[in-house]
file work.txt (compact mmCIF, C-alpha atoms)
# COMPACT_ATOMS: atom_id res chain seq x y z
CA MET A 1 0.00 0.00 0.00
CA ASP A 2 1.42 3.39 -0.84
CA GLU A 3 1.97 5.89 1.97
CA ARG A 4 -0.88 8.15 0.98
CA GLU A 5 -3.39 5.28 0.74
CA ARG A 6 -2.21 3.94 4.06
CA LEU A 7 -2.82 7.31 5.66
CA LYS A 8 -6.27 7.54 4.12
CA SER A 9 -7.14 4.10 5.43
CA PHE A 10 -5.79 5.10 8.84
CA GLU A 11 -7.95 8.23 8.89
CA HIS A 12 -11.04 6.17 8.07
CA THR A 13 -10.36 3.35 10.49
CA VAL A 14 -8.67 4.90 13.49
CA LEU A 15 -9.41 8.62 13.66
CA PRO A 16 -13.15 8.22 14.31
CA HIS A 17 -12.00 6.96 17.73
CA LEU A 18 -10.11 10.15 18.58
CA ASP A 19 -12.68 11.19 21.20
CA ALA A 20 -12.31 7.84 22.96
CA ALA A 21 -8.52 8.15 22.80
CA TYR A 22 -8.54 11.66 24.22
CA ASN A 23 -11.06 10.73 26.93
CA LEU A 24 -8.81 7.91 28.16
CA ALA A 25 -5.69 10.10 27.98
CA ARG A 26 -7.48 12.91 29.80
CA TRP A 27 -8.55 10.65 32.65
CA LEU A 28 -5.11 9.07 32.92
CA ALA A 29 -3.03 12.24 32.66
CA GLY A 30 -5.40 14.37 34.71
CA ASN A 31 -5.18 17.57 32.65
CA ASP A 32 -5.87 18.79 29.12
CA HIS A 33 -2.32 19.77 28.16
CA ASP A 34 -0.71 16.42 28.99
CA ALA A 35 -3.71 14.56 27.58
CA GLN A 36 -3.30 16.33 24.22
CA ASP A 37 0.42 15.45 24.17
CA VAL A 38 -0.27 11.82 24.98
CA THR A 39 -3.10 11.55 22.44
CA GLN A 40 -1.05 13.13 19.69
CA GLU A 41 1.98 10.94 20.37
CA ALA A 42 -0.29 7.88 20.52
CA CYS A 43 -1.86 8.69 17.14
CA LEU A 44 1.56 9.16 15.57
CA ARG A 45 2.63 5.80 16.98
CA ALA A 46 -0.61 4.28 15.76
CA VAL A 47 -0.04 5.43 12.19
CA ARG A 48 3.45 3.90 12.29
CA PHE A 49 2.08 0.61 13.58
CA PHE A 50 -0.98 0.65 11.36
CA GLY A 51 0.54 -2.07 9.17
CA SER A 52 0.39 -4.53 12.06
CA PHE A 53 -3.24 -3.74 12.90
CA ARG A 54 -5.28 -6.83 12.13
CA GLY A 55 -8.49 -5.00 11.55
CA ASP A 56 -10.98 -6.32 14.08
CA ASN A 57 -11.32 -3.58 16.69
CA ALA A 58 -9.69 -0.25 15.88
CA ARG A 59 -10.98 1.41 19.03
CA ALA A 60 -9.51 -1.13 21.47
CA TRP A 61 -6.31 -1.12 19.41
CA LEU A 62 -5.97 2.66 19.58
CA LEU A 63 -6.84 2.72 23.30
CA ALA A 64 -4.08 0.17 23.96
CA ILE A 65 -1.60 2.48 22.23
CA VAL A 66 -2.86 5.48 24.21
CA ARG A 67 -2.40 3.52 27.40
CA ASN A 68 1.15 2.43 26.54
CA THR A 69 2.06 5.94 25.43
CA PHE A 70 0.74 7.29 28.69
CA TYR A 71 2.87 4.95 30.80
CA THR A 72 5.97 5.76 28.72
CA TRP A 73 5.21 9.44 29.20
CA LEU A 74 4.61 8.95 32.93
CA ARG A 75 7.97 7.26 33.44
CA LYS A 76 9.73 10.06 31.58
CA ASN A 77 7.93 12.98 33.19
CA ARG A 78 7.16 12.05 36.74
CA SER A 79 9.17 10.83 39.68
CA PRO A 80 9.23 7.03 40.07
CA GLY A 81 7.33 7.32 43.35
CA THR A 82 4.11 8.21 41.55
CA ILE A 83 3.83 4.74 40.01
CA VAL A 84 2.71 2.34 42.68
CA GLU A 85 2.80 -1.32 41.77
CA ILE A 86 -0.46 -2.93 42.75
CA ASP A 87 -0.37 -6.29 44.47
CA ASP A 88 -3.20 -8.13 42.77
CA GLU A 89 -2.82 -11.23 44.94
CA ALA A 90 -3.56 -9.20 48.02
CA LEU A 91 -6.61 -7.78 46.23
CA ALA A 92 -7.99 -11.18 45.40
CA ILE A 93 -8.34 -12.27 49.00
CA GLU A 94 -9.68 -8.96 50.23
CA ASP A 95 -13.41 -8.66 50.78
CA VAL A 96 -14.82 -6.41 48.09
CA SER A 97 -18.51 -6.81 48.82
CA MET A 98 -20.45 -3.59 49.01
CA ASN A 99 -23.60 -4.62 50.78
CA ALA A 100 -22.50 -3.19 54.12
CA ARG A 101 -23.78 0.28 53.31
CA THR A 102 -26.68 1.65 51.45
CA LEU A 103 -25.70 4.14 48.84
CA ASN A 104 -27.57 6.06 46.25
CA SER A 105 -24.99 7.41 43.82
CA GLY A 106 -27.83 9.19 42.06
CA LEU A 107 -27.55 11.71 44.88
CA ALA A 108 -23.93 12.49 44.05
CA ASP A 109 -23.43 15.35 41.62
CA THR A 110 -21.07 14.82 38.71
CA GLU A 111 -18.34 16.98 40.27
CA THR A 112 -18.25 14.66 43.27
CA VAL A 113 -18.14 11.62 41.01
CA ARG A 114 -15.36 13.24 38.97
CA HIS A 115 -13.26 13.83 42.09
CA ALA A 116 -13.89 10.30 43.29
CA ILE A 117 -12.67 8.85 39.97
CA GLU A 118 -9.65 11.17 39.93
CA ALA A 119 -8.70 10.01 43.41
CA LEU A 120 -8.43 6.36 42.31
CA PRO A 121 -4.94 4.88 41.74
CA VAL A 122 -4.21 4.97 38.03
CA GLU A 123 -4.32 1.15 37.63
CA PHE A 124 -7.88 1.19 38.96
CA ARG A 125 -8.88 4.35 37.15
CA GLU A 126 -7.96 3.02 33.72
CA ILE A 127 -10.03 -0.11 34.17
CA VAL A 128 -13.06 1.81 35.39
CA ILE A 129 -12.81 4.24 32.43
CA LEU A 130 -12.40 1.43 29.90
CA ARG A 131 -15.34 -0.47 31.37
CA GLU A 132 -17.87 2.27 32.16
CA MET A 133 -17.09 4.99 29.62
CA GLU A 134 -15.63 3.08 26.70
CA GLY A 135 -17.83 0.03 27.26
CA LEU A 136 -15.07 -2.54 26.70
CA SER A 137 -15.62 -6.13 27.80
CA TYR A 138 -13.51 -7.79 30.51
CA LYS A 139 -11.70 -9.72 27.78
CA GLU A 140 -10.94 -6.59 25.76
CA ILE A 141 -9.64 -4.82 28.88
CA ALA A 142 -7.51 -7.85 29.84
CA ASP A 143 -5.95 -7.96 26.34
CA LEU A 144 -5.43 -4.22 26.33
CA ALA A 145 -3.80 -4.01 29.75
CA GLY A 146 -1.94 -7.29 29.41
CA VAL A 147 -3.35 -8.80 32.60
CA PRO A 148 -5.54 -11.88 33.24
CA ILE A 149 -9.34 -11.45 33.25
CA GLY A 150 -9.36 -12.33 36.96
CA THR A 151 -7.14 -9.32 37.62
CA VAL A 152 -9.46 -7.08 35.64
CA MET A 153 -12.39 -8.29 37.73
CA SER A 154 -10.63 -7.86 41.08
CA ARG A 155 -9.35 -4.38 40.17
CA LEU A 156 -12.78 -3.35 38.95
CA ALA A 157 -14.42 -4.61 42.13
CA ARG A 158 -11.83 -2.85 44.28
CA ALA A 159 -12.16 0.38 42.29
CA ARG A 160 -15.93 0.37 42.62
CA LYS A 161 -15.71 -0.26 46.33
CA GLN A 162 -13.39 2.74 46.74
CA LEU A 163 -15.70 4.89 44.64
CA GLN A 164 -18.73 3.90 46.68
CA GLN A 165 -16.94 4.57 49.94
CA ARG A 166 -15.82 7.97 48.72
CA LEU A 167 -19.26 8.89 47.40
CA ALA A 168 -20.95 7.70 50.57
CA GLY A 169 -18.54 9.86 52.59
CA GLU A 170 -19.12 12.87 50.36
CA ILE A 171 -22.85 12.57 50.57
CA LYS A 172 -22.77 12.23 54.33
CA SER A 173 -20.49 15.22 54.91
CA GLY A 174 -22.17 17.37 52.25
CA GLY A 175 -25.80 16.41 52.70
CA GLN A 176 -26.31 16.18 56.41
CA PRO A 177 -25.42 18.52 59.29
CA MET B 1 -27.34 -20.81 45.41
CA ASN B 2 -26.39 -18.88 48.53
CA CYS B 3 -25.09 -15.33 48.97
CA GLN B 4 -21.49 -16.44 49.12
CA GLN B 5 -21.76 -18.07 45.71
CA ILE B 6 -23.74 -15.18 44.21
CA GLN B 7 -21.55 -12.34 45.56
CA PRO B 8 -18.70 -12.71 43.05
CA LEU B 9 -21.23 -12.89 40.20
CA ILE B 10 -23.04 -9.62 40.90
CA GLN B 11 -20.51 -7.35 39.17
CA PRO B 12 -20.11 -9.57 36.09
CA TYR B 13 -23.91 -9.74 36.00
CA ALA B 14 -24.24 -5.94 36.05
CA ASP B 15 -21.53 -5.71 33.37
CA GLY B 16 -23.31 -8.16 31.07
CA GLU B 17 -20.49 -10.70 31.30
CA LEU B 18 -22.44 -13.77 32.44
CA ASP B 19 -23.89 -16.56 30.32
CA ALA B 20 -27.66 -17.06 30.21
CA VAL B 21 -27.71 -19.83 32.83
CA ARG B 22 -25.77 -17.78 35.37
CA VAL B 23 -27.90 -14.71 34.62
CA LEU B 24 -31.00 -16.66 35.62
CA GLU B 25 -29.36 -17.88 38.83
CA VAL B 26 -28.34 -14.35 39.83
CA GLU B 27 -31.73 -12.87 38.96
CA GLN B 28 -33.52 -15.52 40.97
CA HIS B 29 -31.26 -14.93 43.96
CA ILE B 30 -31.58 -11.14 43.78
CA HIS B 31 -35.33 -11.55 43.67
CA ASP B 32 -35.30 -13.48 46.93
CA CYS B 33 -32.41 -11.85 48.82
CA PRO B 34 -32.80 -8.20 49.94
CA ALA B 35 -29.10 -7.83 50.85
CA CYS B 36 -27.83 -8.91 47.43
CA ALA B 37 -30.58 -6.93 45.74
CA GLN B 38 -29.37 -3.84 47.62
CA GLU B 39 -25.81 -4.47 46.51
CA TRP B 40 -26.95 -4.82 42.93
CA ARG B 41 -28.93 -1.56 43.13
CA ASN B 42 -25.89 0.23 44.61
CA LEU B 43 -23.81 -1.02 41.72
CA GLN B 44 -26.40 0.05 39.19
CA SER B 45 -26.55 3.58 40.58
CA LEU B 46 -22.75 3.79 40.63
CA LYS B 47 -22.57 2.66 37.00
CA LYS B 48 -25.22 5.19 36.07
CA ALA B 49 -23.39 8.00 37.85
CA MET B 50 -20.17 7.11 36.05
CA GLN B 51 -21.78 7.15 32.64
CA HIS B 52 -23.00 10.70 32.95
CA ASP B 53 -22.34 12.65 29.73
CA SER B 54 -20.44 15.44 31.48
CA LEU B 55 -17.77 12.96 32.60
CA PHE B 56 -16.73 12.28 28.99
CA PHE B 57 -13.98 14.43 27.52
CA SER B 58 -14.23 15.09 23.78
CA ALA B 59 -11.04 15.69 21.82
CA PRO B 60 -10.46 19.45 21.43
CA GLU B 61 -10.89 20.74 17.86
CA GLY B 62 -7.31 22.12 17.97
CA LEU B 63 -5.93 18.65 18.63
CA ARG B 64 -7.88 17.19 15.73
CA ARG B 65 -6.53 19.88 13.38
CA ALA B 66 -2.95 19.63 14.65
CA LEU B 67 -3.05 15.88 14.20
CA LYS B 68 -4.23 16.11 10.58
CA VAL B 69 -1.44 18.55 9.78
CA GLU B 70 1.13 16.38 11.54
CA LEU B 71 -0.04 13.18 9.84
CA HIS B 72 0.08 14.71 6.37
CA SER B 73 3.41 16.40 6.88
CA GLY B 74 4.77 12.96 7.84
CA VAL B 75 3.84 11.65 4.40
CA GLU B 76 5.45 14.47 2.49
CA ALA B 77 8.61 14.37 4.59
CA GLN B 78 10.43 11.21 5.63
CA PRO B 79 8.13 9.00 7.70
CA SER B 80 10.77 7.71 10.11
CA ARG B 81 10.88 9.56 13.40
CA THR B 82 13.27 7.34 15.26
CA PHE B 83 11.30 6.86 18.44
CA TRP B 84 11.33 3.13 18.01
CA THR B 85 14.29 0.87 17.78
CA TRP B 86 13.35 -1.69 15.19
CA ASN B 87 15.77 -4.41 14.35
CA TRP B 88 15.80 -6.07 10.95
CA LEU B 89 14.17 -9.24 12.30
CA THR B 90 11.11 -7.37 13.60
CA ALA B 91 10.89 -5.54 10.31
CA ALA B 92 11.17 -8.76 8.30
CA THR B 93 8.62 -10.58 10.44
CA THR B 94 6.18 -7.69 10.27
CA GLY B 95 6.74 -7.46 6.52
CA ALA B 96 6.10 -11.17 6.04
CA ALA B 97 3.02 -11.03 8.29
CA ALA B 98 1.72 -8.01 6.42
CA MET B 99 2.16 -9.81 3.11
CA CYS B 100 0.30 -12.89 4.36
CA LEU B 101 -2.44 -10.63 5.67
CA ALA B 102 -2.62 -8.71 2.41
CA LEU B 103 -2.88 -11.98 0.47
CA LEU B 104 -5.55 -13.27 2.81
CA LEU B 105 -7.45 -10.01 2.56
CA THR B 106 -7.28 -10.07 -1.22
CA ILE B 107 -8.64 -13.61 -1.30
CA THR B 108 -11.37 -12.86 1.23
CA LEU B 109 -12.32 -9.47 -0.08
CA THR B 110 -12.63 -10.54 -3.67
CA ARG B 111 -15.37 -13.00 -2.78
CA PRO B 112 -17.64 -11.29 -0.23
CA THR B 113 -21.11 -12.65 0.28
CA ALA B 114 -24.03 -10.30 -0.28
CA ARG B 115 -24.53 -10.06 3.50
CA GLN B 116 -20.87 -9.24 4.10
CA GLN B 117 -20.98 -6.60 1.46
CA LEU B 118 -24.11 -5.11 2.99
CA THR B 119 -22.70 -5.03 6.53
CA GLN B 120 -19.49 -3.50 5.20
CA GLU B 121 -21.51 -0.79 3.48
CA ILE B 122 -23.47 -0.15 6.67
CA VAL B 123 -20.33 0.14 8.79
CA SER B 124 -18.65 2.38 6.18
CA SER B 125 -21.69 4.60 6.11
CA HIS B 126 -21.71 4.75 9.90
CA ILE B 127 -18.02 5.75 9.92
CA ARG B 128 -18.58 8.40 7.24
CA SER B 129 -21.34 9.87 9.35
CA LEU B 130 -18.93 10.13 12.30
CA MET B 131 -16.16 11.76 10.28
CA ALA B 132 -18.20 14.41 8.56
CA ASN B 133 -19.10 16.20 11.81
CA HIS B 134 -22.36 17.12 10.12
CA GLU B 135 -23.91 13.71 9.84
CA LEU B 136 -27.47 15.03 9.88
CA ASP B 137 -29.74 16.28 7.13
CA VAL B 138 -32.45 17.08 9.64
CA VAL B 139 -31.37 18.01 13.12
CA SER B 140 -34.13 17.49 15.60
CA THR B 141 -34.84 15.58 18.74
CA ASP B 142 -38.54 15.60 17.91
CA GLN B 143 -39.81 12.47 16.18
CA HIS B 144 -42.71 14.48 14.74
CA THR B 145 -40.22 16.71 12.91
CA VAL B 146 -37.94 13.93 11.75
CA LYS B 147 -40.63 11.61 10.43
CA PRO B 148 -42.35 14.07 8.04
CA TRP B 149 -38.95 15.21 6.80
CA PHE B 150 -38.51 11.85 5.07
CA ASP B 151 -41.83 12.23 3.20
CA GLY B 152 -41.24 12.87 -0.46
CA LYS B 153 -37.56 12.01 -0.19
CA LEU B 154 -38.12 8.27 0.12
CA ASP B 155 -40.64 5.86 -1.38
CA PHE B 156 -41.50 4.63 2.11
CA SER B 157 -42.18 6.10 5.53
CA PRO B 158 -39.76 4.84 8.16
CA PRO B 159 -40.93 4.44 11.76
CA VAL B 160 -39.35 7.07 14.02
CA ALA B 161 -39.22 7.14 17.82
CA ASP B 162 -37.32 9.18 20.35
CA LEU B 163 -35.86 6.97 23.07
CA VAL B 164 -34.71 9.73 25.40
CA ALA B 165 -36.48 8.13 28.34
CA GLN B 166 -34.53 4.92 27.72
CA GLY B 167 -31.23 6.83 27.52
CA PHE B 168 -30.94 6.94 23.72
CA PRO B 169 -32.00 10.44 22.63
CA LEU B 170 -32.83 10.93 18.95
CA THR B 171 -30.54 13.52 17.39
CA GLY B 172 -31.86 13.56 13.83
CA GLY B 173 -31.99 11.78 10.51
CA ARG B 174 -30.45 11.72 7.06
CA LEU B 175 -30.76 10.04 3.71
CA ASP B 176 -28.18 7.42 2.87
CA TYR B 177 -27.51 4.93 0.13
CA VAL B 178 -26.99 1.30 1.11
CA GLY B 179 -27.39 -1.91 -0.88
CA ASN B 180 -28.15 0.01 -4.09
CA ARG B 181 -31.09 1.90 -2.70
CA ALA B 182 -31.92 5.07 -0.80
CA VAL B 183 -32.48 4.32 2.87
CA ALA B 184 -33.44 6.25 5.99
CA ALA B 185 -30.78 6.67 8.65
CA LEU B 186 -31.85 7.74 12.14
CA LEU B 187 -29.22 8.97 14.56
CA PHE B 188 -29.32 8.38 18.27
CA GLN B 189 -26.89 9.20 20.98
CA ARG B 190 -25.67 7.08 23.86
CA HIS B 191 -23.40 9.25 26.01
CA LYS B 192 -20.73 10.35 23.51
CA HIS B 193 -21.37 7.42 21.21
CA VAL B 194 -23.44 7.64 18.03
CA ILE B 195 -25.90 4.97 16.98
CA ASN B 196 -26.96 4.83 13.33
CA LEU B 197 -30.20 3.01 12.59
CA PHE B 198 -30.67 2.18 8.90
CA ILE B 199 -34.19 1.42 7.71
CA TRP B 200 -35.60 0.31 4.37
CA PRO B 201 -38.50 -1.85 3.13
CA ALA B 202 -37.88 -5.58 2.66
CA GLN B 203 -39.98 -8.67 2.09
CA ALA B 204 -38.39 -10.50 5.03
CA SER B 205 -40.71 -11.95 7.63
CA ASP B 206 -40.63 -10.35 11.09
CA SER B 207 -37.64 -11.23 13.23
CA LYS B 208 -36.44 -10.12 16.64
CA PRO B 209 -33.24 -8.07 17.05
CA ALA B 210 -30.26 -10.38 16.71
CA VAL B 211 -26.56 -9.68 17.05
CA PHE B 212 -24.85 -9.78 13.69
CA GLY B 213 -21.29 -9.71 14.97
CA SER B 214 -18.97 -6.78 14.69
CA ARG B 215 -16.78 -5.15 12.08
CA GLN B 216 -13.86 -2.86 12.75
CA GLY B 217 -14.95 -2.49 16.35
CA TYR B 218 -18.55 -1.57 15.51
CA HIS B 219 -21.38 -3.84 16.57
CA LEU B 220 -24.26 -4.67 14.26
CA ILE B 221 -27.79 -5.71 15.22
CA HIS B 222 -30.39 -6.65 12.68
CA TRP B 223 -34.15 -7.20 12.76
CA SER B 224 -37.25 -7.02 10.57
CA ASN B 225 -40.65 -5.68 11.48
CA ALA B 226 -43.81 -4.87 9.53
CA GLY B 227 -42.16 -5.08 6.12
CA MET B 228 -39.14 -3.01 7.08
CA THR B 229 -35.61 -4.16 7.67
CA PHE B 230 -33.48 -2.54 10.40
CA TRP B 231 -29.74 -2.39 10.98
CA ALA B 232 -28.39 -0.73 14.12
CA VAL B 233 -24.68 -0.01 14.17
CA SER B 234 -22.53 1.62 16.85
CA ASP B 235 -19.44 1.32 18.99
CA VAL B 236 -21.49 1.20 22.19
CA ASN B 237 -21.19 -2.24 23.70
CA GLU B 238 -23.30 -5.06 22.35
CA LYS B 239 -25.52 -5.24 25.43
CA GLU B 240 -26.51 -1.57 25.18
CA LEU B 241 -27.01 -1.76 21.43
CA MET B 242 -29.34 -4.71 22.02
CA GLU B 243 -31.24 -2.68 24.64
CA PHE B 244 -31.52 0.13 22.13
CA SER B 245 -32.85 -2.23 19.44
CA GLN B 246 -35.41 -3.76 21.76
CA ASP B 247 -36.48 -0.33 23.01
CA PHE B 248 -36.90 0.88 19.43
CA VAL B 249 -39.02 -2.16 18.52
CA ALA B 250 -41.15 -1.66 21.62
CA ALA B 251 -41.60 2.07 20.96
CA THR B 252 -42.52 1.67 17.31
CA THR B 253 -44.88 -1.23 17.89
CA ASP B 254 -46.77 0.69 20.58
CA THR B 255 -46.89 3.78 18.38
CA PRO B 256 -48.32 2.85 14.99
CA ALA B 257 -46.16 4.07 12.10
CA SER B 258 -49.13 6.00 10.68
CA ARG B 259 -49.11 8.44 13.61
call {"tool": "encode", "arguments": {"input": "work.txt", "output": "structure tokens"}}
result
Amino acid sequence: MDERERLKSFEHTVLPHLDAAYNLARWLAGNDHDAQDVTQEACLRAVRFFGSFRGDNARAWLLAIVRNTFYTWLRKNRSPGTIVEIDDEALAIEDVSMNARTLNSGLADTETVRHAIEALPVEFREIVILREMEGLSYKEIADLAGVPIGTVMSRLARARKQLQQRLAGEIKSGGQP
Amino acid sequence: MNCQQIQPLIQPYADGELDAVRVLEVEQHIHDCPACAQEWRNLQSLKKAMQHDSLFFSAPEGLRRALKVELHSGVEAQPSRTFWTWNWLTAATTGAAAMCLALLLTITLTRPTARQQLTQEIVSSHIRSLMANHELDVVSTDQHTVKPWFDGKLDFSPPVADLVAQGFPLTGGRLDYVGNRAVAALLFQRHKHVINLFIWPAQASDSKPAVFGSRQGYHLIHWSNAGMTFWAVSDVNEKELMEFSQDFVAATTDTPASR
């Protein structure tokens, strides 16, 4: 395929997912400026790797590149202390049930929800974003993040528990005297 | 099954990741167990809160423009920006794989079935509608504006329904050309995702919405009703697209098309 045709095909296949790419980058990086850098670098990587794209799910493929670009960027730009390795084995045995408290997240305004998501560790945040906002399946997330499906499930459960705790706290402190 | 066995299944259930047998088991348990039902409701409200439109970030227009410029300048200039360290083996393997793929594609693509060709056209049309940024000929969230708009432009009157109450607001309609004929395309929104619903008359007998697989990351659902054939296509997940399809069928069967 000649370079121009390849680019045209790329623009048709991958660029419609630019909003999804930016949304993920924005949630991971935490601000617009860094998110734009990450998204742009990811798209340039994507066009270089477009030849190896096997053509079944351009969105998940692009999101995987955004994610990898973000972690490369994070290692280069932030102190090593900001990346905390998560011990998934410890997560698996922890109780993640949520039935202890009654919570109506409908009461939480979107700002509160936004802060609660932002406060999650990045390994949890990415899975929550990919699942709830991008609608990816457990399998797609596992492939994308390079972890077993069981890990996706335990991280998702843990992330949701943290969100619910945070939202319950917010509602209590904000809503009642 | 008891609570301990059901507990780990509640999240996969809410995420649409369980098989039909397990779904029934969880539903039965939730029906009988107030504690697990409460947990499920908590999860539902959390999911709903997280899918609020204002939590999605759209790519800024400046980024889109900068990217186009950058991509095209890369073609005119030399394409290698040495960010990656490729060795010759990687290059050779990729090259060989690409050639195999190209050969396979040529073989497959030269003999598409009519159905494959149709679904490809539908997906292409959906993608075009996303790229143009002005995918609508008639912009309206009112079904009583959208429906008459098609009169005189098509030789049939497509059923139109707004599904805002079900979380799929109608955003408008346009004319499209699929399978060698003019068809109606209705556009709906699900959060930041666009759903295209293509409608045209067909002799097929009525059928319920059925998943027709996915192409290029877009899901397809097909059904027939009252002499019309329907194709819903979107990148929302399959479960939600199925909900949309069923909601549309329900809304248009309750509201006669003549209204």
call {"tool": "closest_residue", "arguments": {"input": "work.txt", "among": "A:Gly30, A:Val47, A:Ala35, A:Ala25", "to": "Ser9 in chain A", "atoms": "all atoms listed in the file"}}
result
A:Val47
call {"tool": "residues_near_point", "arguments": {"input": "work.txt", "point": "(-23.5, -22.2, 43.1)", "cutoff": "12 Å", "atoms": "only C-alpha atoms", "output": "PyMOL selection string"}}
result
chain B and resi 1-9+21-22+24-26+29
call {"tool": "residues_around", "arguments": {"input": "work.txt", "residues": "Leu15 in chain A", "least_positions_apart": "4", "cutoff": "9 Å", "atoms": "only C-alpha atoms", "output": "count of residues only"}}
result
6
call {"tool": "axis_aligned_box", "arguments": {"input": "work.txt", "around": "range 139-152 of chain A", "padding_each_side": "3 Å", "output": "JSON"}}
result
{"center_x": -6.8, "center_y": -8.2, "center_z": 31.7, "size_x": 15.8, "size_y": 14.3, "size_z": 17.9}
call {"tool": "residues_around", "arguments": {"input": "work.txt", "residues": "range 128-142 of chain A", "least_positions_apart": "2", "cutoff": "10 Å", "atoms": "all atoms listed in the file", "output": "PyMOL selection string"}}
result
(chain A and resi 20-21+23-24+27-28+57+59-61+63-64+117+120+122-126+144-153+155-157+159-160) or (chain B and resi 12+15-17+46-53+55-56+191-193+235-240)
call {"tool": "write_last_selection", "arguments": {"input": "work.txt", "atoms": "C-alpha atoms", "output": "PDB file, in the coordinates of the input"}}
result
ATOM      1  CA  ALA A  20     -12.310   7.840  22.960  1.00  0.00           C
ATOM      2  CA  ALA A  21      -8.520   8.150  22.800  1.00  0.00           C
ATOM      3  CA  ASN A  23     -11.060  10.730  26.930  1.00  0.00           C
ATOM      4  CA  LEU A  24      -8.810   7.910  28.160  1.00  0.00           C
ATOM      5  CA  TRP A  27      -8.550  10.650  32.650  1.00  0.00           C
ATOM      6  CA  LEU A  28      -5.110   9.070  32.920  1.00  0.00           C
ATOM      7  CA  ASN A  57     -11.320  -3.580  16.690  1.00  0.00           C
ATOM      8  CA  ARG A  59     -10.980   1.410  19.030  1.00  0.00           C
ATOM      9  CA  ALA A  60      -9.510  -1.130  21.470  1.00  0.00           C
ATOM     10  CA  TRP A  61      -6.310  -1.120  19.410  1.00  0.00           C
ATOM     11  CA  LEU A  63      -6.840   2.720  23.300  1.00  0.00           C
ATOM     12  CA  ALA A  64      -4.080   0.170  23.960  1.00  0.00           C
ATOM     13  CA  ILE A 117     -12.670   8.850  39.970  1.00  0.00           C
ATOM     14  CA  LEU A 120      -8.430   6.360  42.310  1.00  0.00           C
ATOM     15  CA  VAL A 122      -4.210   4.970  38.030  1.00  0.00           C
ATOM     16  CA  GLU A 123      -4.320   1.150  37.630  1.00  0.00           C
ATOM     17  CA  PHE A 124      -7.880   1.190  38.960  1.00  0.00           C
ATOM     18  CA  ARG A 125      -8.880   4.350  37.150  1.00  0.00           C
ATOM     19  CA  GLU A 126      -7.960   3.020  33.720  1.00  0.00           C
ATOM     20  CA  LEU A 144      -5.430  -4.220  26.330  1.00  0.00           C
ATOM     21  CA  ALA A 145      -3.800  -4.010  29.750  1.00  0.00           C
ATOM     22  CA  GLY A 146      -1.940  -7.290  29.410  1.00  0.00           C
ATOM     23  CA  VAL A 147      -3.350  -8.800  32.600  1.00  0.00           C
ATOM     24  CA  PRO A 148      -5.540 -11.880  33.240  1.00  0.00           C
ATOM     25  CA  ILE A 149      -9.340 -11.450  33.250  1.00  0.00           C
ATOM     26  CA  GLY A 150      -9.360 -12.330  36.960  1.00  0.00           C
ATOM     27  CA  THR A 151      -7.140  -9.320  37.620  1.00  0.00           C
ATOM     28  CA  VAL A 152      -9.460  -7.080  35.640  1.00  0.00           C
ATOM     29  CA  MET A 153     -12.390  -8.290  37.730  1.00  0.00           C
ATOM     30  CA  ARG A 155      -9.350  -4.380  40.170  1.00  0.00           C
ATOM     31  CA  LEU A 156     -12.780  -3.350  38.950  1.00  0.00           C
ATOM     32  CA  ALA A 157     -14.420  -4.610  42.130  1.00  0.00           C
ATOM     33  CA  ALA A 159     -12.160   0.380  42.290  1.00  0.00           C
ATOM     34  CA  ARG A 160     -15.930   0.370  42.620  1.00  0.00           C
TER      35      ARG A 160
ATOM     36  CA  PRO B  12     -20.110  -9.570  36.090  1.00  0.00           C
ATOM     37  CA  ASP B  15     -21.530  -5.710  33.370  1.00  0.00           C
ATOM     38  CA  GLY B  16     -23.310  -8.160  31.070  1.00  0.00           C
ATOM     39  CA  GLU B  17     -20.490 -10.700  31.300  1.00  0.00           C
ATOM     40  CA  LEU B  46     -22.750   3.790  40.630  1.00  0.00           C
ATOM     41  CA  LYS B  47     -22.570   2.660  37.000  1.00  0.00           C
ATOM     42  CA  LYS B  48     -25.220   5.190  36.070  1.00  0.00           C
ATOM     43  CA  ALA B  49     -23.390   8.000  37.850  1.00  0.00           C
ATOM     44  CA  MET B  50     -20.170   7.110  36.050  1.00  0.00           C
ATOM     45  CA  GLN B  51     -21.780   7.150  32.640  1.00  0.00           C
ATOM     46  CA  HIS B  52     -23.000  10.700  32.950  1.00  0.00           C
ATOM     47  CA  ASP B  53     -22.340  12.650  29.730  1.00  0.00           C
ATOM     48  CA  LEU B  55     -17.770  12.960  32.600  1.00  0.00           C
ATOM     49  CA  PHE B  56     -16.730  12.280  28.990  1.00  0.00           C
ATOM     50  CA  HIS B 191     -23.400   9.250  26.010  1.00  0.00           C
ATOM     51  CA  LYS B 192     -20.730  10.350  23.510  1.00  0.00           C
ATOM     52  CA  HIS B 193     -21.370   7.420  21.210  1.00  0.00           C
ATOM     53  CA  ASP B 235     -19.440   1.320  18.990  1.00  0.00           C
ATOM     54  CA  VAL B 236     -21.490   1.200  22.190  1.00  0.00           C
ATOM     55  CA  ASN B 237     -21.190  -2.240  23.700  1.00  0.00           C
ATOM     56  CA  GLU B 238     -23.300  -5.060  22.350  1.00  0.00           C
ATOM     57  CA  LYS B 239     -25.520  -5.240  25.430  1.00  0.00           C
ATOM     58  CA  GLU B 240     -26.510  -1.570  25.180  1.00  0.00           C
TER      59      GLU B 240
END
call {"tool": "closest_residue", "arguments": {"input": "work.txt", "among": "A:Gly55, A:Asp2, A:Ala29, A:Gln40", "to": "Gln216 in chain B", "atoms": "only C-alpha atoms"}}
result
A:Gly55
call {"tool": "closest_residue", "arguments": {"input": "work.txt", "among": "B:Met242, B:Ala35, B:Leu18, B:Ala102", "to": "chain A", "atoms": "only C-alpha atoms"}}
result
B:Ala35
